[in-house]
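Report on one structure; see the data block that follows.
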Amino acid sequence: MARAVFGECFWVKISFKAGRRYTNDNLFAVVYTVLINFAHFSTISIINSRNKVKKATLLLIGICFALATAQAQRGWEAGFWLGAGHYFGDLNTNYDLGLPGAAGGLLARFNFNDRICFKLSGNYGTVAGDDSRSKNVYERARNLSFQSTVIDGTAQFEFNFLPYRHGSKDEFFTPYLFAGLSAVYFNPKAELDGVLYELRPLGTEGQFKGEEYYTVNGGLAYGLGIKVDLSYEWSVNIELSGRRLFTDYLDDVSTVYPDKSDLLRNRGEIAAALSDRSLIIPGTNEGQLSEEGRQRGNANNKDSYYFLGIGLVYYFGDLKCPEYQDRRRKRK
């Protein structure tokens, strides 16, 4: 067994060197190494299925060895961004950009190498939607509106299209893509007679007390951007990021109109008034749109919002001692 383990570790070492020889790009060398080792261990597993645990362990060692040996710029960076937020959902189905809200946030990013990064961010923004801006006649007659603060915490992986190294004269910028997950807080509100009311406690779609939707939910984070170095330490990030939520209640509109008399009795006049704000538009709709059971929103189309911002980021490096950092900069 000792001989077999030594032989397979030797294969890991040889295959990694092969990866380094076949390409000058360290990221693709790592991928090449992982694939070679995976093929090797899969073949051995077929021959000797009793050693699956050992093969998986050695594969993990091979991956870790490849990542640790790859020559790449590692290190932390942190910064902030400012920009605008936009909402898309039941109260903005035609992608109107006329109601932007202020947005901003803080970020921390770890660079595994010049291609792959992991970023954590905390973001704040305001979003809004209004049926009166719609091109759809039914939506204008529905006449609903909302505004909300959104606060999210996001974890995402980023992929740089080009090799990106802080302080490099040749690899100082790159476009990038990212994907991850977000936890989001929101609280939709609407104005009535000059007063702003929280909509969730009113149960505007007939929710029973205690069964209202949660104001903390999750979502998919995704987007693209570009990074540009200003110096070794400082860089500018321009980013468009989206959040596709797992809820359809960011705007308090999702399903059907409730029984108005029940809503009035259980929740009061304010709830009834904000649940049904429909208008009669001559020649386009007959009678009230808000009859019980008629469509108020589309539950199959989850809400989303986007941030467009520009950020300033400071690179801390790999947090080695100052003497080591000075030697690295001189070599560049």
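Every chain in the structure tokens takes a letter, A first, then B, and so on in the order presented; its residues are numbered from 1, and the ligands are numbered from 1 following the presented order.
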request  = Run DSSP on the backbone and grab whatever in range 56-217 of chain A lands in helix (DSSP H, G or I); send it over as an MDAnalysis selection string.
outcome  = chainID A and resid 56:69 131:133 137:142 200:202
Could you produce a table of the residues of range 72-122 of chain A lying within 9 Å of range 142-158 of chain A, with the nearest pair of atoms per residue and their separation in Å rounded to one decimal, using only C-alpha atoms, ordered by chain and increasing residue number, as a tab-separated table?
residue	atom	partner	partner_atom	distance
A:Leu91	CA	A:Ser145	CA	6.8
A:Arg115	CA	A:Glu158	CA	8.0
A:Ile116	CA	A:Glu158	CA	5.8
A:Cys117	CA	A:Glu158	CA	5.0
A:Phe118	CA	A:Phe157	CA	4.6
A:Lys119	CA	A:Gln156	CA	5.4
A:Leu120	CA	A:Ala155	CA	4.7
A:Ser121	CA	A:Thr154	CA	5.3
A:Gly122	CA	A:Gly153	CA	4.6
If you keep C-alpha atoms, can you produce a file of those selected residues as a PDB file, in the first residue's frame?
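Dumped everything to out-v3.pdb:
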ATOM      1  CA  LEU A  91     -44.963  47.332 -10.945  1.00  0.00           C
ATOM      2  CA  ARG A 115      -8.296  35.083 -12.448  1.00  0.00           C
ATOM      3  CA  ILE A 116     -10.409  33.900  -9.505  1.00  0.00           C
ATOM      4  CA  CYS A 117     -11.662  36.011  -6.567  1.00  0.00           C
ATOM      5  CA  PHE A 118     -14.134  35.694  -3.712  1.00  0.00           C
ATOM      6  CA  LYS A 119     -16.015  38.804  -2.593  1.00  0.00           C
ATOM      7  CA  LEU A 120     -18.183  39.668   0.404  1.00  0.00           C
ATOM      8  CA  SER A 121     -20.253  42.844   0.323  1.00  0.00           C
ATOM      9  CA  GLY A 122     -22.864  44.711   2.305  1.00  0.00           C
TER      10      GLY A 122
END
Within 7 Å of range 261-274 of chain A: each range 188-211 of chain A residue with its shortest pair, only C-alpha atoms, as a Markdown table:
| residue | atom | partner | partner_atom | distance |
| --- | --- | --- | --- | --- |
| A:Leu202 | CA | A:Ala271 | CA | 5.0 |
| A:Thr204 | CA | A:Ala271 | CA | 6.0 |
| A:Gly206 | CA | A:Leu263 | CA | 6.3 |
request  = From a DSSP calculation on the backbone, collect every residue of range 136-257 of chain A in strand (DSSP E) and output the set as a ChimeraX atom specification.
outcome  = /A:145-160,173-186,189-192,195-198,216-229,234-245
What does the file look like for those residues with C-alpha atoms, as a short mmCIF file (atom, residue, chain, number, x, y, z; two decimals), in the first residue's frame?
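Dumped everything to part01.cif:
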data_model
loop_
_atom_site.label_atom_id
_atom_site.label_comp_id
_atom_site.auth_asym_id
_atom_site.auth_seq_id
_atom_site.Cartn_x
_atom_site.Cartn_y
_atom_site.Cartn_z
CA SER A 145 -47.09 51.94 -6.42
CA PHE A 146 -44.44 51.25 -3.79
CA GLN A 147 -41.02 52.20 -2.51
CA SER A 148 -38.63 50.21 -0.36
CA THR A 149 -35.23 50.17 1.24
CA VAL A 150 -33.17 47.09 0.35
CA ILE A 151 -30.23 45.94 2.45
CA ASP A 152 -28.33 42.86 1.36
CA GLY A 153 -25.30 40.82 2.27
CA THR A 154 -23.75 39.03 -0.69
CA ALA A 155 -21.12 36.33 -1.19
CA GLN A 156 -19.91 35.77 -4.74
CA PHE A 157 -17.15 34.29 -6.86
CA GLU A 158 -15.62 36.41 -9.62
CA PHE A 159 -13.87 35.38 -12.82
CA ASN A 160 -11.48 37.81 -14.52
CA PHE A 173 -7.32 45.97 -16.10
CA THR A 174 -9.88 43.26 -16.83
CA PRO A 175 -13.60 42.74 -17.44
CA TYR A 176 -15.13 40.20 -15.05
CA LEU A 177 -18.25 38.15 -14.38
CA PHE A 178 -19.57 37.01 -11.02
CA ALA A 179 -22.27 34.88 -9.41
CA GLY A 180 -23.27 34.16 -5.83
CA LEU A 181 -26.01 34.35 -3.20
CA SER A 182 -27.59 37.22 -1.26
CA ALA A 183 -29.60 37.61 1.93
CA VAL A 184 -31.94 40.58 1.49
CA TYR A 185 -34.03 42.76 3.82
CA PHE A 186 -36.84 44.84 2.30
CA LYS A 189 -44.31 51.14 1.62
CA ALA A 190 -46.89 53.22 -0.23
CA GLU A 191 -48.20 56.75 0.13
CA LEU A 192 -51.85 57.60 0.82
CA VAL A 195 -48.69 59.63 4.57
CA LEU A 196 -46.29 56.73 3.96
CA TYR A 197 -47.57 53.34 5.21
CA GLU A 198 -45.81 50.00 5.59
CA VAL A 216 -35.93 38.88 4.92
CA ASN A 217 -35.40 36.62 1.95
CA GLY A 218 -32.71 35.24 -0.32
CA GLY A 219 -31.74 35.68 -3.93
CA LEU A 220 -29.25 34.94 -6.66
CA ALA A 221 -26.54 37.54 -7.21
CA TYR A 222 -24.96 37.95 -10.64
CA GLY A 223 -23.46 40.58 -12.90
CA LEU A 224 -20.42 41.94 -14.64
CA GLY A 225 -17.92 44.73 -14.29
CA ILE A 226 -14.48 46.06 -15.08
CA LYS A 227 -11.45 46.59 -12.81
CA VAL A 228 -8.80 49.21 -13.57
CA ASP A 229 -5.64 49.88 -11.53
CA TRP A 234 -5.70 51.60 -5.52
CA SER A 235 -8.11 50.49 -8.24
CA VAL A 236 -11.50 51.48 -9.64
CA ASN A 237 -14.33 48.98 -10.13
CA ILE A 238 -17.36 49.71 -12.31
CA GLU A 239 -20.05 47.09 -11.76
CA LEU A 240 -23.60 46.17 -12.77
CA SER A 241 -25.01 43.66 -10.27
CA GLY A 242 -28.43 42.03 -10.11
CA ARG A 243 -30.42 40.25 -7.41
CA ARG A 244 -33.06 37.74 -8.52
CA LEU A 245 -35.12 37.24 -5.36
#
ask   = Do you know which residues are at most 7 Å from range 311-319 of chain A counting only C-alpha atoms, after dropping those on the same chain fewer than 2 positions away, and could you put them as a VMD selection string?
value = chain A and resid 74 to 82 233 to 238 309 321
Polymer residues at most 8 Å from range 126-140 of chain A, only C-alpha atoms, same-chain spacing of 6 or more positions, as a CSV table (one decimal) with N, CA and C atoms, in the first residue's frame:
chain,number,residue,atom,x,y,z
A,85,GLY,N,-29.9,52.3,-7.7
A,85,GLY,CA,-30.6,51.0,-7.7
A,85,GLY,C,-31.9,51.1,-8.6
A,86,HIS,N,-32.2,50.0,-9.2
A,86,HIS,CA,-33.4,50.0,-10.0
A,86,HIS,C,-34.2,48.7,-9.7
A,87,TYR,N,-35.5,48.8,-9.7
A,87,TYR,CA,-36.4,47.6,-9.4
A,87,TYR,C,-37.1,47.1,-10.7
A,88,PHE,N,-37.3,45.8,-10.8
A,88,PHE,CA,-38.0,45.2,-11.9
A,88,PHE,C,-39.0,44.2,-11.4
A,91,LEU,N,-44.7,45.9,-10.8
A,91,LEU,CA,-45.0,47.3,-10.9
A,91,LEU,C,-43.9,48.0,-11.9
A,92,ASN,N,-43.2,47.2,-12.6
A,92,ASN,CA,-42.3,47.7,-13.6
A,92,ASN,C,-42.0,46.6,-14.6
A,93,THR,N,-42.9,46.3,-15.4
A,93,THR,CA,-42.8,45.2,-16.4
A,93,THR,C,-42.1,45.6,-17.7
A,94,ASN,N,-42.0,46.9,-17.9
A,94,ASN,CA,-41.4,47.4,-19.2
A,94,ASN,C,-40.0,47.9,-19.0
A,96,ASP,N,-38.6,50.1,-17.1
A,96,ASP,CA,-38.5,51.6,-17.0
A,96,ASP,C,-37.3,51.9,-16.1
A,99,LEU,N,-37.1,55.7,-12.3
A,99,LEU,CA,-37.2,55.8,-10.9
A,99,LEU,C,-36.0,55.3,-10.2
A,100,PRO,N,-34.8,55.8,-10.4
A,100,PRO,CA,-33.6,55.3,-9.8
A,100,PRO,C,-33.6,55.7,-8.3
A,101,GLY,N,-32.9,54.9,-7.5
A,101,GLY,CA,-32.7,55.2,-6.1
A,101,GLY,C,-31.3,55.2,-5.7
A,102,ALA,N,-30.9,56.0,-4.7
A,102,ALA,CA,-29.5,56.0,-4.3
A,102,ALA,C,-29.1,54.7,-3.7
A,103,ALA,N,-27.8,54.3,-3.9
A,103,ALA,CA,-27.3,53.0,-3.5
A,103,ALA,C,-25.8,53.1,-3.2
A,146,PHE,N,-45.1,51.6,-5.0
A,146,PHE,CA,-44.4,51.3,-3.8
A,146,PHE,C,-43.1,51.9,-3.8
A,147,GLN,N,-42.4,51.9,-2.7
A,147,GLN,CA,-41.0,52.2,-2.5
A,147,GLN,C,-40.5,51.4,-1.4
A,148,SER,N,-39.2,51.1,-1.4
A,148,SER,CA,-38.6,50.2,-0.4
A,148,SER,C,-37.1,50.4,-0.2
A,149,THR,N,-36.7,50.3,1.0
A,149,THR,CA,-35.2,50.2,1.2
A,149,THR,C,-34.8,48.7,1.0
A,150,VAL,N,-33.7,48.4,0.4
A,150,VAL,CA,-33.2,47.1,0.3
A,150,VAL,C,-31.8,47.1,1.0
A,251,ASP,N,-42.4,44.3,-3.9
A,251,ASP,CA,-43.4,45.4,-4.2
A,251,ASP,C,-44.7,45.2,-3.6
A,284,THR,N,-61.4,51.6,-21.9
A,284,THR,CA,-60.4,50.5,-21.8
A,284,THR,C,-60.8,49.4,-20.8
A,285,ASN,N,-61.5,49.8,-19.7
A,285,ASN,CA,-61.9,48.7,-18.8
A,285,ASN,C,-63.3,49.0,-18.3
A,305,TYR,N,-33.9,43.4,-8.5
A,305,TYR,CA,-33.4,44.7,-8.5
A,305,TYR,C,-31.9,44.7,-8.9
message = Please report the interatomic distance between CA of Asn300 in chain A and CA of Pro201 in chain A in Å with one decimal.
response =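 Separating CA of Asn300 in chain A from CA of Pro201 in chain A is a distance of 22.9 Å.
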message = Please list as a ChimeraX atom specification every residue within 6 Å of range 163-168 of chain A, counting only C-alpha atoms and excluding residues in the same chain fewer than 4 positions away.
response = /A:114-115,172,231-232
Write a file of the selected residues as a short mmCIF file (atom, residue, chain, number, x, y, z; two decimals), in the first residue's frame, keeping C-alpha atoms.
data_model
loop_
_atom_site.label_atom_id
_atom_site.label_comp_id
_atom_site.auth_asym_id
_atom_site.auth_seq_id
_atom_site.Cartn_x
_atom_site.Cartn_y
_atom_site.Cartn_z
CA ASP A 114 -5.02 36.64 -11.20
CA ARG A 115 -8.30 35.08 -12.45
CA PHE A 172 -3.69 46.34 -14.97
CA SER A 231 -1.66 52.35 -8.69
CA TYR A 232 -0.33 49.25 -6.93
#
ask   = How many Å lie between CA of Glu292 in chain A and CA of Tyr214 in chain A, rounded to one decimal?
value = 23.8 Å
ask   = Nearest to Phe307 in chain A among A:Glu205, A:Tyr124, A:Glu291, A:Gly98, with distances taken over only C-alpha atoms: which residue is it?
value =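 Ranked by minimum distance to Phe307 in chain A, first place goes to A:Tyr124.
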For Lys302 in chain A, work out the shell of residues within 7 Å, counting only C-alpha atoms and skipping chain neighbours fewer than 6 positions away, then give it as a CSV table (one decimal) with C-alpha atoms, in the first residue's frame.
chain,number,residue,atom,x,y,z
A,89,GLY,CA,-41.2,43.3,-11.2
A,245,LEU,CA,-35.1,37.2,-5.4
A,246,PHE,CA,-36.8,34.1,-4.2
A,247,THR,CA,-39.9,36.2,-3.3
A,248,ASP,CA,-42.5,38.1,-5.3
